[in-house]
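Visitor: One structure, pasted below without further comment.
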Amino acid sequence: MLVRRDLAELGQAADQVCQWLEAEVDEDSLSCIELAFVEALTNSILHGPLDTGTSIAVFVEILDTQIVVEIEDGSPPMPTLFDNAGAHRLEFDIKDIENLSESGRGLSLIAISMDEVTFRVIEDRVRLRMVRYRR
Amino acid sequence: MNVLEEMNGELMILKLRDQRLDASTAPALREALIERIAKGHQSIIIDLSDVGFMDSSALGALIAAVKKLGPVGTIAVAAMRTPVARLFSVTKMDRVFSVHPTVADAVRSLAA
């Protein structure tokens with residue numbers, strides 16, 4: 001699936017991914033995959049290369065043991081992007097709401113929602129690879 | 001942003017009619033909430049029963065609203081569907097917002 005670099009495309013792209021997967025995984029897994037996908041696609045649209053003429057490619061693979069969602073947006077490899085992501089990054093001081101961050105949770109939500117998050121290179125093109133094991 | 005507004009005494013109840021709240025709708029959500037807080041509404045219940053999906057951008061809009069409101073007021077969220085409740089749980093926002101199973105429960109709690 002190709003997605004235009006436009007936030008208005010998020011809903012339709014997510015609906016398509018969910019439609020492909022709804023018969024394959026339980027509701028909990030589907031909502032985790034949808035959240036990770038939307039967070040990753042939002043990052044690609046907002047922070048990917050500025051060449052807006054290039055669409056973002058989305059690949060979904062349904063295997064016996066896992067679901068694989070990949071996003072290719074023309075970005076260079078970022079092998080350390082998720083190094084510090086995870087539940088610990090969502091901690092905050094409940095007594096200090098004034099300084100509670102309004103953003104910056106996306107990568108951690110991707111890391112928490114999926115079982116594996118890596119980058120892989122195919123013919124010089126980089127893909128964010130997100131894997132959710134089938135339970 | 002499709003919002004249905006209702007007053008119950010001093011309580012403002014906002015029913016968010018969008019099925020999806022993501023980065024494409026978060027700015028409008030933020031504006032809708034901030035605008036009402038700026039008008040002096042201090043007790044707001046957000047009915048999320050129609051919302052089947054919410055991401056971190058929309059959550060950021062709610063956080064902006066609770067920060068704008070400060071300690072003088074309350075924002076309650078009610079009738080969250082499972083994916084939205086999970087987002088609140090993993091991000092620990094269920095500690096920031098007053099969370100209720102139904103709008104009626106939220107009204108009872110805030111009116112008390």
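Labels used: A, B, ... for chains in the order of the structure tokens, numbers from 1 for residues in each chain, and numbers from 1 for ligands as shown.
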Compute the chain B side of the contact with chain A at 10 Å, counting only C-alpha atoms, and hand it back as a count of residues only.

Guide: 38

Visitor: Find the residues around B:Ala79 up to 7 Å (only C-alpha atoms counted), leave out those fewer than 2 positions away in its own chain, and share them as a list in words.

Guide: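 The residues that qualify are Asp47, Leu48, Ser49, Arg81, His100, Pro101, Thr102 and Val103 of chain B.
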
Visitor: Put those residues in a file: C-alpha atoms, as a CSV table (one decimal), in the first residue's frame.

Guide:
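As written to disk, out.csv reads:
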```csv
chain,number,residue,atom,x,y,z
B,47,ASP,CA,-17.5,11.4,26.6
B,48,LEU,CA,-15.3,9.0,24.6
B,49,SER,CA,-17.9,6.4,23.9
B,81,ARG,CA,-13.6,1.8,24.7
B,100,HIS,CA,-15.1,6.8,34.8
B,101,PRO,CA,-17.0,3.9,33.2
B,102,THR,CA,-19.9,6.0,32.2
B,103,VAL,CA,-20.8,9.7,31.8
```

Visitor: Would you mind writing down, as number ranges by chain, each residue of chain B that DSSP on the backbone assigns to strand (DSSP E or B)?

Guide: B: 3-8, 11-16, 20-21, 43-47, 53-54, 74-78, 98-100

Visitor: Limited to N, CA and C atoms, could you put the picked residues into a file as a PDB file, in the first residue's frame?

Guide:
```pdb
ATOM      1  N   VAL B   3     -17.894  17.815  17.875  1.00  0.00           N
ATOM      2  CA  VAL B   3     -18.101  17.805  19.327  1.00  0.00           C
ATOM      3  C   VAL B   3     -19.533  18.195  19.658  1.00  0.00           C
ATOM      4  N   LEU B   4     -20.143  17.407  20.522  1.00  0.00           N
ATOM      5  CA  LEU B   4     -21.488  17.726  20.998  1.00  0.00           C
ATOM      6  C   LEU B   4     -21.349  18.244  22.431  1.00  0.00           C
ATOM      7  N   GLU B   5     -21.876  19.443  22.675  1.00  0.00           N
ATOM      8  CA  GLU B   5     -21.678  20.078  23.988  1.00  0.00           C
ATOM      9  C   GLU B   5     -22.991  20.118  24.770  1.00  0.00           C
ATOM     10  N   GLU B   6     -22.892  19.796  26.051  1.00  0.00           N
ATOM     11  CA  GLU B   6     -24.090  19.810  26.895  1.00  0.00           C
ATOM     12  C   GLU B   6     -23.681  20.306  28.284  1.00  0.00           C
ATOM     13  N   MET B   7     -24.544  21.090  28.912  1.00  0.00           N
ATOM     14  CA  MET B   7     -24.250  21.557  30.274  1.00  0.00           C
ATOM     15  C   MET B   7     -25.150  20.815  31.261  1.00  0.00           C
ATOM     16  N   ASN B   8     -24.549  20.405  32.371  1.00  0.00           N
ATOM     17  CA  ASN B   8     -25.295  19.780  33.465  1.00  0.00           C
ATOM     18  C   ASN B   8     -24.908  20.574  34.709  1.00  0.00           C
ATOM     19  N   LEU B  11     -21.262  21.592  35.180  1.00  0.00           N
ATOM     20  CA  LEU B  11     -20.441  20.621  34.455  1.00  0.00           C
ATOM     21  C   LEU B  11     -20.661  20.730  32.952  1.00  0.00           C
ATOM     22  N   MET B  12     -19.566  20.783  32.219  1.00  0.00           N
ATOM     23  CA  MET B  12     -19.673  20.745  30.762  1.00  0.00           C
ATOM     24  C   MET B  12     -19.377  19.319  30.292  1.00  0.00           C
ATOM     25  N   ILE B  13     -20.277  18.769  29.511  1.00  0.00           N
ATOM     26  CA  ILE B  13     -20.078  17.421  28.966  1.00  0.00           C
ATOM     27  C   ILE B  13     -19.820  17.548  27.468  1.00  0.00           C
ATOM     28  N   LEU B  14     -18.670  17.068  27.045  1.00  0.00           N
ATOM     29  CA  LEU B  14     -18.304  17.123  25.628  1.00  0.00           C
ATOM     30  C   LEU B  14     -18.285  15.701  25.067  1.00  0.00           C
ATOM     31  N   LYS B  15     -19.161  15.452  24.147  1.00  0.00           N
ATOM     32  CA  LYS B  15     -19.150  14.135  23.498  1.00  0.00           C
ATOM     33  C   LYS B  15     -18.355  14.264  22.201  1.00  0.00           C
ATOM     34  N   LEU B  16     -17.234  13.546  22.138  1.00  0.00           N
ATOM     35  CA  LEU B  16     -16.406  13.589  20.933  1.00  0.00           C
ATOM     36  C   LEU B  16     -16.980  12.597  19.928  1.00  0.00           C
ATOM     37  N   ARG B  20     -12.051   8.336  15.246  1.00  0.00           N
ATOM     38  CA  ARG B  20     -10.596   8.256  15.354  1.00  0.00           C
ATOM     39  C   ARG B  20     -10.053   9.598  15.824  1.00  0.00           C
ATOM     40  N   LEU B  21      -9.189   9.570  16.830  1.00  0.00           N
ATOM     41  CA  LEU B  21      -8.499  10.776  17.277  1.00  0.00           C
ATOM     42  C   LEU B  21      -7.007  10.520  17.093  1.00  0.00           C
ATOM     43  N   SER B  43     -14.954  22.410  35.023  1.00  0.00           N
ATOM     44  CA  SER B  43     -15.271  20.992  35.224  1.00  0.00           C
ATOM     45  C   SER B  43     -15.791  20.435  33.906  1.00  0.00           C
ATOM     46  N   ILE B  44     -14.973  19.645  33.280  1.00  0.00           N
ATOM     47  CA  ILE B  44     -15.304  19.151  31.940  1.00  0.00           C
ATOM     48  C   ILE B  44     -15.273  17.623  31.940  1.00  0.00           C
ATOM     49  N   ILE B  45     -16.329  17.038  31.410  1.00  0.00           N
ATOM     50  CA  ILE B  45     -16.387  15.587  31.233  1.00  0.00           C
ATOM     51  C   ILE B  45     -16.301  15.304  29.734  1.00  0.00           C
ATOM     52  N   ILE B  46     -15.354  14.482  29.362  1.00  0.00           N
ATOM     53  CA  ILE B  46     -15.196  14.129  27.950  1.00  0.00           C
ATOM     54  C   ILE B  46     -15.754  12.727  27.740  1.00  0.00           C
ATOM     55  N   ASP B  47     -16.811  12.657  26.953  1.00  0.00           N
ATOM     56  CA  ASP B  47     -17.458  11.370  26.647  1.00  0.00           C
ATOM     57  C   ASP B  47     -16.748  10.764  25.436  1.00  0.00           C
ATOM     58  N   PHE B  53     -10.470   4.723  18.418  1.00  0.00           N
ATOM     59  CA  PHE B  53      -9.006   4.757  18.335  1.00  0.00           C
ATOM     60  C   PHE B  53      -8.498   6.124  18.774  1.00  0.00           C
ATOM     61  N   MET B  54      -7.452   6.114  19.602  1.00  0.00           N
ATOM     62  CA  MET B  54      -6.782   7.351  19.997  1.00  0.00           C
ATOM     63  C   MET B  54      -5.277   7.091  20.012  1.00  0.00           C
ATOM     64  N   THR B  74     -11.149  20.281  36.874  1.00  0.00           N
ATOM     65  CA  THR B  74     -11.053  18.842  36.636  1.00  0.00           C
ATOM     66  C   THR B  74     -11.470  18.518  35.208  1.00  0.00           C
ATOM     67  N   ILE B  75     -10.708  17.645  34.596  1.00  0.00           N
ATOM     68  CA  ILE B  75     -11.156  17.043  33.337  1.00  0.00           C
ATOM     69  C   ILE B  75     -11.341  15.558  33.612  1.00  0.00           C
ATOM     70  N   ALA B  76     -12.555  15.096  33.393  1.00  0.00           N
ATOM     71  CA  ALA B  76     -12.843  13.677  33.558  1.00  0.00           C
ATOM     72  C   ALA B  76     -13.046  13.058  32.185  1.00  0.00           C
ATOM     73  N   VAL B  77     -12.660  11.813  32.048  1.00  0.00           N
ATOM     74  CA  VAL B  77     -12.939  11.093  30.798  1.00  0.00           C
ATOM     75  C   VAL B  77     -13.850   9.918  31.140  1.00  0.00           C
ATOM     76  N   ALA B  78     -14.795   9.670  30.248  1.00  0.00           N
ATOM     77  CA  ALA B  78     -15.788   8.637  30.548  1.00  0.00           C
ATOM     78  C   ALA B  78     -16.068   7.766  29.340  1.00  0.00           C
ATOM     79  N   SER B  98      -9.447  12.068  35.692  1.00  0.00           N
ATOM     80  CA  SER B  98     -10.444  11.341  36.457  1.00  0.00           C
ATOM     81  C   SER B  98     -11.188  10.428  35.472  1.00  0.00           C
ATOM     82  N   VAL B  99     -11.040   9.118  35.658  1.00  0.00           N
ATOM     83  CA  VAL B  99     -11.571   8.158  34.681  1.00  0.00           C
ATOM     84  C   VAL B  99     -12.822   7.477  35.222  1.00  0.00           C
ATOM     85  N   HIS B 100     -13.867   7.421  34.403  1.00  0.00           N
ATOM     86  CA  HIS B 100     -15.145   6.847  34.849  1.00  0.00           C
ATOM     87  C   HIS B 100     -15.730   5.927  33.778  1.00  0.00           C
TER      88      HIS B 100
END
```

Visitor: When you count only C-alpha atoms, which of these residues is closest to A:Ser44: A:Ala85, A:Tyr133, A:Asp73, A:Ile62?

Guide: A:Asp73

Visitor: Would you please extract all helix (DSSP H, G or I) residues from stretch 48-98 of chain A, as assigned by DSSP on the backbone, and give them as a PyMOL selection string?

Guide: chain A and resi 87-90+97-98

Visitor: Kindly save the residues from that selection, with N, CA and C atoms included, as a PDB file, in the first residue's frame.

Guide:
```pdb
ATOM      1  N   ALA A  87       8.475   1.334  28.344  1.00  0.00           N
ATOM      2  CA  ALA A  87       7.555   1.759  29.403  1.00  0.00           C
ATOM      3  C   ALA A  87       8.205   2.766  30.362  1.00  0.00           C
ATOM      4  N   HIS A  88       9.522   2.619  30.595  1.00  0.00           N
ATOM      5  CA  HIS A  88      10.194   3.522  31.542  1.00  0.00           C
ATOM      6  C   HIS A  88      10.152   4.976  31.066  1.00  0.00           C
ATOM      7  N   ARG A  89      10.039   5.173  29.731  1.00  0.00           N
ATOM      8  CA  ARG A  89      10.003   6.538  29.191  1.00  0.00           C
ATOM      9  C   ARG A  89       8.622   7.183  29.384  1.00  0.00           C
ATOM     10  N   LEU A  90       7.653   6.405  29.827  1.00  0.00           N
ATOM     11  CA  LEU A  90       6.305   6.940  30.034  1.00  0.00           C
ATOM     12  C   LEU A  90       6.064   7.318  31.496  1.00  0.00           C
ATOM     13  N   ILE A  97       2.309  18.013  37.155  1.00  0.00           N
ATOM     14  CA  ILE A  97       1.536  17.987  35.908  1.00  0.00           C
ATOM     15  C   ILE A  97       1.889  19.183  35.021  1.00  0.00           C
ATOM     16  N   GLU A  98       2.254  20.291  35.645  1.00  0.00           N
ATOM     17  CA  GLU A  98       2.598  21.506  34.900  1.00  0.00           C
ATOM     18  C   GLU A  98       3.687  21.228  33.850  1.00  0.00           C
TER      19      GLU A  98
END
```
